[in-house]
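K.L.:
Shown below is the structure under consideration.
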Amino acid sequence: MKNLLTDIAGVSVGHADDAVIASGVTAILFERPAVASIDVRGGGPGTREDALLAPHNVVEAIDAITLSGGSALGLDAAGGVQAWLAERGRGFRIR
């Protein structure tokens with residue numbers, strides 16, 4: 001045990017960055033859907049679909065969390081994680 005997120009059974013973490021454009025992304029993947037919540041703080045957060053984690057909304061569990069750099073490219077990185085999950089039949093199913 002190194003007190004890392006990857007010490008948790010069923011959790012995988014991947015990271016990529018580009019120093020030239022000063023952006024990066026970390027994907028935290030769960031082997032099985034996990035219960036999650038969020039608390040957004042700060043003066044200028046950029047978030048995507050965080051409202052779905054509110055207790056009164058439809059989503060009861062998640063398959064991944066994406067943390068990214070503060071740019072349009074960083075926010076769009078969530079689309080890559082979403083596509084990866086969809087290719088494997090995972091993620092929130094919509095019609």
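Simple scheme: letters A, B, ... for chains in structure tokens order, numbers from 1 for residues in each chain, numbers from 1 for ligands in the order shown.
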DSSP on the backbone, strand (DSSP E) only: what residues of range 20-61 of chain A does that give? Format it as an MDAnalysis selection string.
P.N.:
chainID A and resid 23:34
K.L.:
Write a file of the just-selected residues containing N, CA, C and O atoms, as a CSV table (one decimal), in the first residue's frame.
P.N.:
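See again11.csv below for the written result:
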```csv
chain,number,residue,atom,x,y,z
A,23,SER,N,-1.9,21.1,-21.2
A,23,SER,CA,-3.2,20.5,-20.9
A,23,SER,C,-2.9,19.0,-20.6
A,23,SER,O,-1.9,18.4,-21.1
A,24,GLY,N,-3.8,18.4,-19.9
A,24,GLY,CA,-3.7,17.0,-19.6
A,24,GLY,C,-5.0,16.4,-19.1
A,24,GLY,O,-6.0,17.1,-18.9
A,25,VAL,N,-5.0,15.1,-19.0
A,25,VAL,CA,-6.3,14.4,-18.6
A,25,VAL,C,-5.9,13.2,-17.7
A,25,VAL,O,-4.9,12.5,-18.0
A,26,THR,N,-6.6,13.0,-16.7
A,26,THR,CA,-6.5,11.8,-15.9
A,26,THR,C,-7.9,11.1,-15.9
A,26,THR,O,-8.9,11.7,-15.6
A,27,ALA,N,-7.9,9.8,-16.2
A,27,ALA,CA,-9.2,9.1,-16.2
A,27,ALA,C,-9.1,8.0,-15.1
A,27,ALA,O,-8.2,7.3,-15.0
A,28,ILE,N,-10.1,8.1,-14.2
A,28,ILE,CA,-10.3,7.1,-13.1
A,28,ILE,C,-11.4,6.2,-13.5
A,28,ILE,O,-12.6,6.6,-13.7
A,29,LEU,N,-11.1,4.9,-13.7
A,29,LEU,CA,-12.1,3.9,-14.2
A,29,LEU,C,-12.4,3.0,-13.1
A,29,LEU,O,-11.5,2.5,-12.3
A,30,PHE,N,-13.7,2.6,-13.0
A,30,PHE,CA,-14.2,1.7,-12.0
A,30,PHE,C,-14.5,0.4,-12.6
A,30,PHE,O,-15.2,0.4,-13.6
A,31,GLU,N,-14.1,-0.7,-12.1
A,31,GLU,CA,-14.3,-2.0,-12.6
A,31,GLU,C,-15.9,-2.3,-12.7
A,31,GLU,O,-16.4,-2.9,-13.6
A,32,ARG,N,-16.5,-1.9,-11.6
A,32,ARG,CA,-18.0,-1.9,-11.5
A,32,ARG,C,-18.5,-0.5,-11.3
A,32,ARG,O,-17.8,0.3,-10.7
A,33,PRO,N,-19.7,-0.2,-11.7
A,33,PRO,CA,-20.3,1.1,-11.4
A,33,PRO,C,-20.2,1.5,-9.9
A,33,PRO,O,-20.4,0.6,-9.1
A,34,ALA,N,-19.8,2.7,-9.7
A,34,ALA,CA,-19.6,3.2,-8.3
A,34,ALA,C,-20.5,4.4,-8.0
A,34,ALA,O,-20.9,5.2,-8.8
```
K.L.:
Can you pull out every residue within 12 Å of range 50-63 of chain A, counting only C-alpha atoms, but drop anything in the same chain fewer than 3 positions away, and send it as number ranges by chain?
P.N.:
A: 10-12, 27-40, 45-47, 66-67, 78, 81-82, 84-86, 88-94
K.L.:
Expressed in Å to a single decimal, how great is the separation between CA of Ala19 in chain A and CA of Gly44 in chain A?
P.N.:
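Straight-line distance from CA of Ala19 in chain A to CA of Gly44 in chain A works out to 22.2 Å.
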K.L.:
Would you mind writing down, as an MDAnalysis selection string, each residue of chain A that DSSP on the backbone assigns to alpha helix (DSSP H)?
P.N.:
chainID A and resid 72:87
K.L.:
Could you take the residues named above and write them with all heavy atoms, as an mmCIF file, in the first residue's frame?
P.N.:
```
data_model
loop_
_atom_site.group_PDB
_atom_site.id
_atom_site.type_symbol
_atom_site.label_atom_id
_atom_site.label_comp_id
_atom_site.auth_asym_id
_atom_site.auth_seq_id
_atom_site.Cartn_x
_atom_site.Cartn_y
_atom_site.Cartn_z
ATOM 1 N N ALA A 72 -10.422 24.230 -23.414
ATOM 2 C CA ALA A 72 -11.462 23.555 -24.192
ATOM 3 C C ALA A 72 -11.041 22.125 -24.499
ATOM 4 O O ALA A 72 -11.852 21.205 -24.478
ATOM 5 C CB ALA A 72 -11.729 24.316 -25.486
ATOM 6 N N LEU A 73 -9.745 21.918 -24.752
ATOM 7 C CA LEU A 73 -9.254 20.561 -24.999
ATOM 8 C C LEU A 73 -9.400 19.697 -23.756
ATOM 9 O O LEU A 73 -9.743 18.522 -23.829
ATOM 10 C CB LEU A 73 -7.792 20.594 -25.445
ATOM 11 C CG LEU A 73 -7.516 21.263 -26.782
ATOM 12 C CD1 LEU A 73 -6.025 21.370 -27.015
ATOM 13 C CD2 LEU A 73 -8.188 20.514 -27.911
ATOM 14 N N GLY A 74 -9.143 20.285 -22.597
ATOM 15 C CA GLY A 74 -9.272 19.544 -21.350
ATOM 16 C C GLY A 74 -10.699 19.117 -21.103
ATOM 17 O O GLY A 74 -10.965 17.966 -20.743
ATOM 18 N N LEU A 75 -11.641 20.028 -21.299
ATOM 19 C CA LEU A 75 -13.048 19.676 -21.112
ATOM 20 C C LEU A 75 -13.502 18.630 -22.128
ATOM 21 O O LEU A 75 -14.291 17.743 -21.819
ATOM 22 C CB LEU A 75 -13.935 20.918 -21.209
ATOM 23 C CG LEU A 75 -13.886 21.848 -20.008
ATOM 24 C CD1 LEU A 75 -14.691 23.111 -20.274
ATOM 25 C CD2 LEU A 75 -14.397 21.147 -18.756
ATOM 26 N N ASP A 76 -13.000 18.707 -23.349
ATOM 27 C CA ASP A 76 -13.400 17.758 -24.384
ATOM 28 C C ASP A 76 -12.835 16.362 -24.142
ATOM 29 O O ASP A 76 -13.321 15.390 -24.706
ATOM 30 C CB ASP A 76 -12.974 18.275 -25.759
ATOM 31 C CG ASP A 76 -13.646 17.515 -26.882
ATOM 32 O OD1 ASP A 76 -14.869 17.281 -26.785
ATOM 33 O OD2 ASP A 76 -12.950 17.130 -27.842
ATOM 34 N N ALA A 77 -11.824 16.254 -23.299
ATOM 35 C CA ALA A 77 -11.235 14.946 -23.003
ATOM 36 C C ALA A 77 -12.266 13.986 -22.434
ATOM 37 O O ALA A 77 -12.182 12.771 -22.635
ATOM 38 C CB ALA A 77 -10.071 15.100 -22.033
ATOM 39 N N ALA A 78 -13.274 14.512 -21.750
ATOM 40 C CA ALA A 78 -14.330 13.656 -21.202
ATOM 41 C C ALA A 78 -15.050 12.903 -22.316
ATOM 42 O O ALA A 78 -15.501 11.774 -22.121
ATOM 43 C CB ALA A 78 -15.321 14.485 -20.394
ATOM 44 N N GLY A 79 -15.129 13.505 -23.495
ATOM 45 C CA GLY A 79 -15.753 12.830 -24.634
ATOM 46 C C GLY A 79 -14.990 11.587 -25.048
ATOM 47 O O GLY A 79 -15.589 10.593 -25.451
ATOM 48 N N GLY A 80 -13.668 11.627 -24.946
ATOM 49 C CA GLY A 80 -12.860 10.452 -25.260
ATOM 50 C C GLY A 80 -13.105 9.332 -24.272
ATOM 51 O O GLY A 80 -13.221 8.159 -24.653
ATOM 52 N N VAL A 81 -13.203 9.675 -22.999
ATOM 53 C CA VAL A 81 -13.487 8.658 -21.977
ATOM 54 C C VAL A 81 -14.892 8.103 -22.188
ATOM 55 O O VAL A 81 -15.112 6.890 -22.129
ATOM 56 C CB VAL A 81 -13.329 9.245 -20.558
ATOM 57 C CG1 VAL A 81 -13.736 8.233 -19.502
ATOM 58 C CG2 VAL A 81 -11.891 9.705 -20.334
ATOM 59 N N GLN A 82 -15.844 8.975 -22.483
ATOM 60 C CA GLN A 82 -17.212 8.541 -22.732
ATOM 61 C C GLN A 82 -17.273 7.593 -23.940
ATOM 62 O O GLN A 82 -17.953 6.564 -23.898
ATOM 63 C CB GLN A 82 -18.101 9.761 -22.968
ATOM 64 C CG GLN A 82 -19.569 9.451 -23.098
ATOM 65 C CD GLN A 82 -20.389 10.718 -23.270
ATOM 66 O OE1 GLN A 82 -19.879 11.774 -23.675
ATOM 67 N NE2 GLN A 82 -21.658 10.636 -22.962
ATOM 68 N N ALA A 83 -16.557 7.910 -25.003
ATOM 69 C CA ALA A 83 -16.536 7.048 -26.193
ATOM 70 C C ALA A 83 -15.912 5.694 -25.875
ATOM 71 O O ALA A 83 -16.406 4.651 -26.313
ATOM 72 C CB ALA A 83 -15.770 7.742 -27.321
ATOM 73 N N TRP A 84 -14.829 5.697 -25.100
ATOM 74 C CA TRP A 84 -14.166 4.445 -24.714
ATOM 75 C C TRP A 84 -15.130 3.557 -23.935
ATOM 76 O O TRP A 84 -15.217 2.352 -24.183
ATOM 77 C CB TRP A 84 -12.921 4.768 -23.889
ATOM 78 C CG TRP A 84 -12.069 3.586 -23.548
ATOM 79 C CD1 TRP A 84 -11.027 3.088 -24.287
ATOM 80 C CD2 TRP A 84 -12.178 2.744 -22.400
ATOM 81 N NE1 TRP A 84 -10.484 1.999 -23.648
ATOM 82 C CE2 TRP A 84 -11.174 1.761 -22.492
ATOM 83 C CE3 TRP A 84 -13.023 2.711 -21.298
ATOM 84 C CZ2 TRP A 84 -11.003 0.772 -21.529
ATOM 85 C CZ3 TRP A 84 -12.858 1.731 -20.344
ATOM 86 C CH2 TRP A 84 -11.848 0.781 -20.466
ATOM 87 N N LEU A 85 -15.850 4.143 -22.993
ATOM 88 C CA LEU A 85 -16.828 3.372 -22.214
ATOM 89 C C LEU A 85 -17.941 2.839 -23.113
ATOM 90 O O LEU A 85 -18.332 1.671 -23.006
ATOM 91 C CB LEU A 85 -17.428 4.237 -21.103
ATOM 92 C CG LEU A 85 -16.501 4.569 -19.944
ATOM 93 C CD1 LEU A 85 -17.102 5.669 -19.089
ATOM 94 C CD2 LEU A 85 -16.213 3.334 -19.102
ATOM 95 N N ALA A 86 -18.460 3.681 -24.006
ATOM 96 C CA ALA A 86 -19.552 3.272 -24.889
ATOM 97 C C ALA A 86 -19.142 2.112 -25.787
ATOM 98 O O ALA A 86 -19.938 1.191 -26.021
ATOM 99 C CB ALA A 86 -20.016 4.457 -25.734
ATOM 100 N N GLU A 87 -17.907 2.118 -26.277
ATOM 101 C CA GLU A 87 -17.405 1.013 -27.109
ATOM 102 C C GLU A 87 -17.439 -0.313 -26.362
ATOM 103 O O GLU A 87 -17.475 -1.374 -26.968
ATOM 104 C CB GLU A 87 -15.969 1.299 -27.557
ATOM 105 C CG GLU A 87 -15.855 2.397 -28.586
ATOM 106 C CD GLU A 87 -14.402 2.812 -28.826
ATOM 107 O OE1 GLU A 87 -13.475 2.233 -28.207
ATOM 108 O OE2 GLU A 87 -14.199 3.747 -29.628
#
```
K.L.:
Rounded to one decimal place, report the CA of Asp17 in chain A-CA of Gly69 in chain A distance in Å.
P.N.:
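CA of Asp17 in chain A sits 8.7 Å away from CA of Gly69 in chain A.
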